[in-house]
Amino acid sequence: MVLVTLTACGTSGQEDIAPTVSTVEGRTGKSAPDFEMIAYQGDDVLGGKQVRLSELLAQGKPVVLNFWAGLCPPCRFEMPEFQRVYDRYKSRIILVGVDVGTLTSLGTPEQGQALIAELGVTYPTATTLDPEVMSAYQVLGMPSTYFITPAGEIIDTWTGLLNEEKLGELVEKLLEVSSRR
């Protein structure tokens with residue numbers, strides 16, 4: 001699999017975006033590791049304040065899992081893009097942003113919650129206290145997004161900034177693959 005990573009240069013997330021292409025083996029075609037999340041918001045969609053990924057998958061919808069951090073400029077930049085895609089697909093997918101700032105030294109839960117409030121994000125967001133998440137998902141950079149079928153299979157991964165158009169394409173692919181399984 002060829003993965004395009006977009007790295008922001010500067011601090012606002014709106015400076016020059018430089019694409020980096022890398023090959024990543026072993027991150028797709030496998031089962032998504034289960035872990036516990038603590039909801040910041042969207043616990044009605046997630047099914048509770050504390051939920052496991054397996055409980056989200058049990059709802060029968062594909063899951064878009066986005067790891068982000070409050071002090072990550074590209075994460076800040078892509079959140080409005082994720083919001084627009086969530087607004088379009090929220091009846092067909094579960095999109096959840098998981099703040100891993102405390103696991104990456106890129107922010108506290110308070111900074112993560114302040115960011116989603118500042119940007120007006122309404123899609124489900126959470127955090128995790130499980131330090132194994134980063135290695136279990138082979139997170140190579142921030143942000144990182146995983147596209148998971150209801151059966152728990154990771155069909156695509158993306159490390160780096162996603163724009164609305166590319167995110168929409170990946171969601172469409174996830175929906176198509178999920179409908180065949």
# chains A, B, ... in the order shown; residues from 1 in each chain; ligands from 1
>>> closest_atom_pairs(of="stretch 87-146 of chain A", to="stretch 51-64 of chain A", cutoff="8 Å", atoms="only C-alpha atoms", output="tab-separated table")
residue	atom	partner	partner_atom	distance
A:Arg92	CA	A:Lys61	CA	6.5
A:Ile93	CA	A:Pro62	CA	5.1
A:Ile94	CA	A:Val63	CA	4.7
A:Leu95	CA	A:Val64	CA	4.6
A:Val96	CA	A:Val64	CA	6.3
A:Thr145	CA	A:Val64	CA	7.0
A:Tyr146	CA	A:Val64	CA	5.8
>>> closest_residue(among="A:Gln83, A:Gly47, A:Thr104, A:Asp34", to="A:Gly152", atoms="only C-alpha atoms")
A:Asp34
>>> residues_around(residues="stretch 106-114 of chain A", least_positions_apart="6", cutoff="12 Å", atoms="only C-alpha atoms", output="number ranges by chain")
A: 38-41, 67-76, 79, 97-100, 120-122, 124-129, 141-143
>>> select_by_dssp(residues="chain A", states="alpha helix (DSSP H)", output="VMD selection string")
chain A and resid 43 to 46 53 to 57 73 to 89 101 to 104 109 to 119 133 to 136 164 to 179
>>> atom_distance(atom1="atom CA of A:Ser135", atom2="atom CA of A:Glu78")
23.0 Å
>>> closest_residue(among="A:Leu170, A:Ile154, A:Leu119, A:Val177", to="A:Tyr89", atoms="only C-alpha atoms")
A:Leu170
>>> atom_distance(atom1="atom CA of A:Ser105", atom2="atom CA of A:Leu140")
14.5 Å
>>> closest_residue(among="A:Ser144, A:Thr149, A:Ser91, A:Asn66", to="A:Glu176", atoms="only C-alpha atoms")
A:Thr149
>>> select_by_dssp(residues="stretch 41-84 of chain A", states="strand (DSSP E)", output="list in words")
Gln41, Gln50, Val51, Arg52, Val63, Val64, Leu65, Asn66, Phe67 and Trp68 of chain A
>>> atom_distance(atom1="atom CA of A:Ile155", atom2="atom CA of A:Gly101")
25.0 Å
>>> closest_residue(among="A:Asp44, A:Gln138, A:Tyr123, A:Glu153", to="A:Val85", atoms="only C-alpha atoms")
A:Tyr123
>>> decode(residues="stretch 106-119 of chain A", atoms="N, CA and C atoms", output="mmCIF file, in the first residue's frame")
data_model
loop_
_atom_site.group_PDB
_atom_site.id
_atom_site.type_symbol
_atom_site.label_atom_id
_atom_site.label_comp_id
_atom_site.auth_asym_id
_atom_site.auth_seq_id
_atom_site.Cartn_x
_atom_site.Cartn_y
_atom_site.Cartn_z
ATOM 1 N N LEU A 106 1.357 15.802 22.921
ATOM 2 C CA LEU A 106 0.825 16.872 22.073
ATOM 3 C C LEU A 106 -0.475 17.438 22.636
ATOM 4 N N GLY A 107 -0.545 17.516 23.967
ATOM 5 C CA GLY A 107 -1.709 18.146 24.565
ATOM 6 C C GLY A 107 -2.339 17.341 25.674
ATOM 7 N N THR A 108 -3.172 18.039 26.421
ATOM 8 C CA THR A 108 -3.929 17.450 27.520
ATOM 9 C C THR A 108 -5.377 17.259 27.073
ATOM 10 N N PRO A 109 -6.158 16.483 27.822
ATOM 11 C CA PRO A 109 -7.586 16.390 27.491
ATOM 12 C C PRO A 109 -8.270 17.759 27.483
ATOM 13 N N GLU A 110 -7.869 18.638 28.378
ATOM 14 C CA GLU A 110 -8.461 19.982 28.418
ATOM 15 C C GLU A 110 -8.150 20.757 27.138
ATOM 16 N N GLN A 111 -6.919 20.621 26.636
ATOM 17 C CA GLN A 111 -6.561 21.299 25.385
ATOM 18 C C GLN A 111 -7.306 20.682 24.200
ATOM 19 N N GLY A 112 -7.498 19.379 24.220
ATOM 20 C CA GLY A 112 -8.271 18.715 23.170
ATOM 21 C C GLY A 112 -9.718 19.174 23.163
ATOM 22 N N GLN A 113 -10.319 19.232 24.352
ATOM 23 C CA GLN A 113 -11.711 19.680 24.455
ATOM 24 C C GLN A 113 -11.851 21.151 24.068
ATOM 25 N N ALA A 114 -10.871 21.961 24.417
ATOM 26 C CA ALA A 114 -10.906 23.376 24.031
ATOM 27 C C ALA A 114 -10.840 23.523 22.513
ATOM 28 N N LEU A 115 -10.039 22.695 21.861
ATOM 29 C CA LEU A 115 -9.920 22.760 20.399
ATOM 30 C C LEU A 115 -11.248 22.412 19.728
ATOM 31 N N ILE A 116 -11.891 21.329 20.153
ATOM 32 C CA ILE A 116 -13.157 20.965 19.497
ATOM 33 C C ILE A 116 -14.235 22.017 19.749
ATOM 34 N N ALA A 117 -14.215 22.642 20.926
ATOM 35 C CA ALA A 117 -15.163 23.723 21.205
ATOM 36 C C ALA A 117 -14.870 24.935 20.323
ATOM 37 N N GLU A 118 -13.592 25.298 20.220
ATOM 38 C CA GLU A 118 -13.192 26.456 19.409
ATOM 39 C C GLU A 118 -13.587 26.286 17.951
ATOM 40 N N LEU A 119 -13.429 25.068 17.422
ATOM 41 C CA LEU A 119 -13.716 24.814 16.007
ATOM 42 C C LEU A 119 -15.183 24.470 15.741
#
